[in-house]
Structure formats: structure tokens, C-alpha cells
Amino acid sequence: ILFPVFQQAKHSAQRTMGISRLKQLSIGVLMYSSDHDDRFPLAMESALAAKPSIMPYLKSDELFVSANPKGGEILGNKALSGRLAVDVLEPVDTGMFYDSQPWSQDRGIAAYVDGHVKMATMSEIM
């Protein structure tokens, strides 16, 4: 009887970990940007590509790996590579990082340029 409850709790904890990882990655990029004349790292196509630039601002290598139980990786927005932060016209709607696989019902986790992270449909993220 309790097995489904435990499965749901485990999935919820993994999702929270995924949200936390993307939040920390986005904060690392924003700190990097602040220290580098408001420019994003030159490589933003994935979290692993941005790792050499933002690792000094983060605490763990685990942040660069997706927590999604379905697998996948954390992808980034290539259009931000080397770009000035002030040139991003709608930071609240511009994705920075996202999980390559949806978590459930075509919804994935995405971090945005303004620093917030949320669950969104894959069509909203891309």
C-alpha cells in the first residue's frame, strides 16, 4: 500500500534536486557574468561546456549532471555564448539551461537568464 507513496516521494526529491542544480548553475553563470564585464561564458551549449568558466563559482561537480531519473544531460542556450547580459531583451523568458529529457507529461526543468527556475513544457523551454 505504501510503495506508490514512497515512489512519489522519491520522484519529488529527485525533481527538487534537479531544480536546485539548475538554480546553482544559473547563479554560477550570473556571478561569472558579473566578474567578466557582464558577458556570458563563451561556451553555453551545455552545462559541461560552461564548466571550465563557471566551476570557480560552484561547489560540486555533481551540479553539471542531470538529476533526471530518465537520464539525459543539462543543455544550454547557445545564443547566450559570449553575449552581453544587457543585450538579452527578455531575461525572464530567455532560457539559460534545461534538462534534455522531460520529467513528466512533457514538462521539464529550465533555468532562465533572470535566475529563476521552473517546470515548463518542452515547447516553452526550447
# chains A, B, ... in the order shown; residues from 1 in each chain; ligands from 1

$ residues_around --residues "Arg83 in chain A" --least-positions-apart "3" --cutoff "9 Å" --atoms "only C-alpha atoms" --output "list in words"
Asp38, Arg39, Phe40, Pro41, Leu42, Ala79, Leu80, Val86, Asp87 and Val88 of chain A

$ closest_atom_pairs --of "range 29-88 of chain A" --to "range 4-17 of chain A" --cutoff "12 Å" --atoms "only C-alpha atoms" --output "JSON lines"
{"residue": "A:Glu62", "atom": "CA", "partner": "A:Met17", "partner_atom": "CA", "distance": 10.6}
{"residue": "A:Leu63", "atom": "CA", "partner": "A:Met17", "partner_atom": "CA", "distance": 9.4}
{"residue": "A:Val65", "atom": "CA", "partner": "A:Met17", "partner_atom": "CA", "distance": 10.9}
{"residue": "A:Ser66", "atom": "CA", "partner": "A:Met17", "partner_atom": "CA", "distance": 9.2}
{"residue": "A:Ala67", "atom": "CA", "partner": "A:Gln14", "partner_atom": "CA", "distance": 6.2}
{"residue": "A:Asn68", "atom": "CA", "partner": "A:Gln14", "partner_atom": "CA", "distance": 6.9}
{"residue": "A:Pro69", "atom": "CA", "partner": "A:Gln14", "partner_atom": "CA", "distance": 7.6}
{"residue": "A:Lys70", "atom": "CA", "partner": "A:Gln14", "partner_atom": "CA", "distance": 10.9}
{"residue": "A:Gly71", "atom": "CA", "partner": "A:Gln14", "partner_atom": "CA", "distance": 11.8}

$ write_last_selection --atoms "N, CA and C atoms" --output "mmCIF file, in the first residue's frame"
data_model
loop_
_atom_site.group_PDB
_atom_site.id
_atom_site.type_symbol
_atom_site.label_atom_id
_atom_site.label_comp_id
_atom_site.auth_asym_id
_atom_site.auth_seq_id
_atom_site.Cartn_x
_atom_site.Cartn_y
_atom_site.Cartn_z
ATOM 1 N N GLU A 62 28.866 17.508 -9.282
ATOM 2 C CA GLU A 62 27.553 16.886 -9.480
ATOM 3 C C GLU A 62 26.541 17.848 -10.103
ATOM 4 N N LEU A 63 26.761 19.149 -9.951
ATOM 5 C CA LEU A 63 25.815 20.134 -10.480
ATOM 6 C C LEU A 63 25.710 20.074 -11.997
ATOM 7 N N VAL A 65 25.568 17.418 -13.870
ATOM 8 C CA VAL A 65 24.931 16.185 -14.316
ATOM 9 C C VAL A 65 23.440 16.247 -13.985
ATOM 10 N N SER A 66 22.607 15.879 -14.927
ATOM 11 C CA SER A 66 21.161 15.905 -14.719
ATOM 12 C C SER A 66 20.747 14.941 -13.615
ATOM 13 N N ALA A 67 19.818 15.380 -12.782
ATOM 14 C CA ALA A 67 19.259 14.526 -11.728
ATOM 15 C C ALA A 67 18.042 13.757 -12.225
ATOM 16 N N ASN A 68 17.698 13.919 -13.482
ATOM 17 C CA ASN A 68 16.509 13.287 -14.059
ATOM 18 C C ASN A 68 16.676 11.769 -14.060
ATOM 19 N N PRO A 69 15.728 11.032 -13.460
ATOM 20 C CA PRO A 69 15.843 9.570 -13.451
ATOM 21 C C PRO A 69 15.760 8.955 -14.850
ATOM 22 N N LYS A 70 15.264 9.706 -15.837
ATOM 23 C CA LYS A 70 15.206 9.218 -17.218
ATOM 24 C C LYS A 70 16.535 9.392 -17.938
ATOM 25 N N GLY A 71 17.479 10.058 -17.293
ATOM 26 C CA GLY A 71 18.773 10.295 -17.925
ATOM 27 C C GLY A 71 18.806 11.625 -18.644
#

$ closest_residue --among "A:Leu22, A:Val117, A:Leu30, A:Ala110" --to "Ile54 in chain A" --atoms "only C-alpha atoms"
A:Leu30

$ atom_distance --atom1 "CA of Ser33 in chain A" --atom2 "CA of Pro102 in chain A"
28.2 Å

$ closest_residue --among "A:Arg107, A:Lys59, A:His36, A:Lys51" --to "Ser123 in chain A" --atoms "only C-alpha atoms"
A:Arg107

$ select_by_dssp --residues "range 29-102 of chain A" --states "alpha helix (DSSP H)" --output "ChimeraX atom specification"
/A:29-35,47-54

$ select_by_dssp --residues "chain A" --states "strand (DSSP E or B)" --output "ChimeraX atom specification"
/A:39,46,74-76,84,95-99,104,107-112,117-121

$ write_last_selection --atoms "N, CA, C and O atoms" --output "tab-separated table (two decimals), in the first residue's frame"
chain	number	residue	atom	x	y	z
A	39	ARG	N	29.37	39.63	-19.49
A	39	ARG	CA	29.31	38.70	-20.62
A	39	ARG	C	29.10	37.28	-20.11
A	39	ARG	O	29.63	36.88	-19.09
A	46	SER	N	26.00	23.63	-23.27
A	46	SER	CA	25.60	22.67	-22.24
A	46	SER	C	26.28	23.08	-20.93
A	46	SER	O	27.19	23.90	-20.92
A	74	ILE	N	22.20	18.25	-19.11
A	74	ILE	CA	21.76	19.62	-18.95
A	74	ILE	C	22.29	20.41	-20.15
A	74	ILE	O	23.49	20.55	-20.32
A	75	LEU	N	21.37	20.85	-20.97
A	75	LEU	CA	21.72	21.61	-22.16
A	75	LEU	C	21.62	23.10	-21.88
A	75	LEU	O	20.95	23.53	-20.94
A	76	GLY	N	22.29	23.90	-22.72
A	76	GLY	CA	22.28	25.35	-22.54
A	76	GLY	C	21.80	26.05	-23.79
A	76	GLY	O	21.57	25.45	-24.83
A	84	LEU	N	26.61	39.82	-24.27
A	84	LEU	CA	26.42	40.74	-23.15
A	84	LEU	C	25.06	40.49	-22.51
A	84	LEU	O	24.05	40.36	-23.20
A	95	GLY	N	15.64	31.21	-21.81
A	95	GLY	CA	16.22	30.07	-21.12
A	95	GLY	C	17.73	30.11	-21.13
A	95	GLY	O	18.35	30.56	-22.08
A	96	MET	N	18.32	29.63	-20.02
A	96	MET	CA	19.77	29.54	-19.91
A	96	MET	C	20.21	28.07	-19.94
A	96	MET	O	21.05	27.70	-20.75
A	97	PHE	N	19.62	27.25	-19.07
A	97	PHE	CA	19.90	25.82	-19.02
A	97	PHE	C	18.57	25.06	-18.91
A	97	PHE	O	17.60	25.58	-18.36
A	98	TYR	N	18.56	23.81	-19.41
A	98	TYR	CA	17.37	22.97	-19.27
A	98	TYR	C	17.77	21.51	-19.37
A	98	TYR	O	18.78	21.16	-19.95
A	99	ASP	N	16.95	20.66	-18.75
A	99	ASP	CA	17.15	19.22	-18.85
A	99	ASP	C	16.77	18.75	-20.24
A	99	ASP	O	15.73	19.15	-20.77
A	104	SER	N	8.10	14.74	-16.57
A	104	SER	CA	6.78	14.07	-16.60
A	104	SER	C	5.84	14.88	-17.47
A	104	SER	O	5.90	16.10	-17.50
A	107	ARG	N	6.89	17.90	-19.40
A	107	ARG	CA	7.35	19.06	-18.63
A	107	ARG	C	8.78	18.81	-18.16
A	107	ARG	O	9.10	17.75	-17.65
A	108	GLY	N	9.59	19.82	-18.35
A	108	GLY	CA	10.99	19.74	-17.93
A	108	GLY	C	11.33	20.90	-17.01
A	108	GLY	O	10.52	21.78	-16.76
A	109	ILE	N	12.56	20.90	-16.53
A	109	ILE	CA	13.04	21.95	-15.65
A	109	ILE	C	13.93	22.87	-16.48
A	109	ILE	O	14.78	22.42	-17.24
A	110	ALA	N	13.74	24.18	-16.30
A	110	ALA	CA	14.54	25.16	-17.02
A	110	ALA	C	14.96	26.30	-16.09
A	110	ALA	O	14.19	26.71	-15.22
A	111	ALA	N	16.18	26.78	-16.30
A	111	ALA	CA	16.70	27.97	-15.61
A	111	ALA	C	16.72	29.11	-16.61
A	111	ALA	O	17.09	28.91	-17.78
A	112	TYR	N	16.34	30.28	-16.17
A	112	TYR	CA	16.24	31.44	-17.05
A	112	TYR	C	17.30	32.48	-16.72
A	112	TYR	O	17.88	32.48	-15.63
A	117	VAL	N	14.03	29.49	-11.81
A	117	VAL	CA	13.95	28.12	-12.34
A	117	VAL	C	12.51	27.65	-12.18
A	117	VAL	O	11.87	27.92	-11.17
A	118	LYS	N	12.00	26.95	-13.21
A	118	LYS	CA	10.63	26.45	-13.12
A	118	LYS	C	10.44	25.23	-13.99
A	118	LYS	O	11.25	24.96	-14.89
A	119	MET	N	9.34	24.52	-13.71
A	119	MET	CA	8.91	23.44	-14.58
A	119	MET	C	8.14	24.08	-15.72
A	119	MET	O	7.32	24.97	-15.50
A	120	ALA	N	8.41	23.64	-16.94
A	120	ALA	CA	7.73	24.19	-18.11
A	120	ALA	C	7.60	23.09	-19.14
A	120	ALA	O	8.31	22.08	-19.09
A	121	THR	N	6.69	23.29	-20.08
A	121	THR	CA	6.58	22.32	-21.16
A	121	THR	C	7.83	22.44	-22.03
A	121	THR	O	8.45	23.51	-22.10

$ closest_residue --among "A:Ile27, A:Gly18, A:Asn77, A:Leu58" --to "Glu45 in chain A" --atoms "only C-alpha atoms"
A:Asn77

$ atom_distance --atom1 "CA of Leu89 in chain A" --atom2 "CA of Ser26 in chain A"
17.4 Å

$ closest_residue --among "A:Gln24, A:Gly82, A:Met31, A:Ile125" --to "Gln101 in chain A" --atoms "only C-alpha atoms"
A:Ile125

$ atom_distance --atom1 "CA of Asp37 in chain A" --atom2 "CA of Ser20 in chain A"
26.2 Å
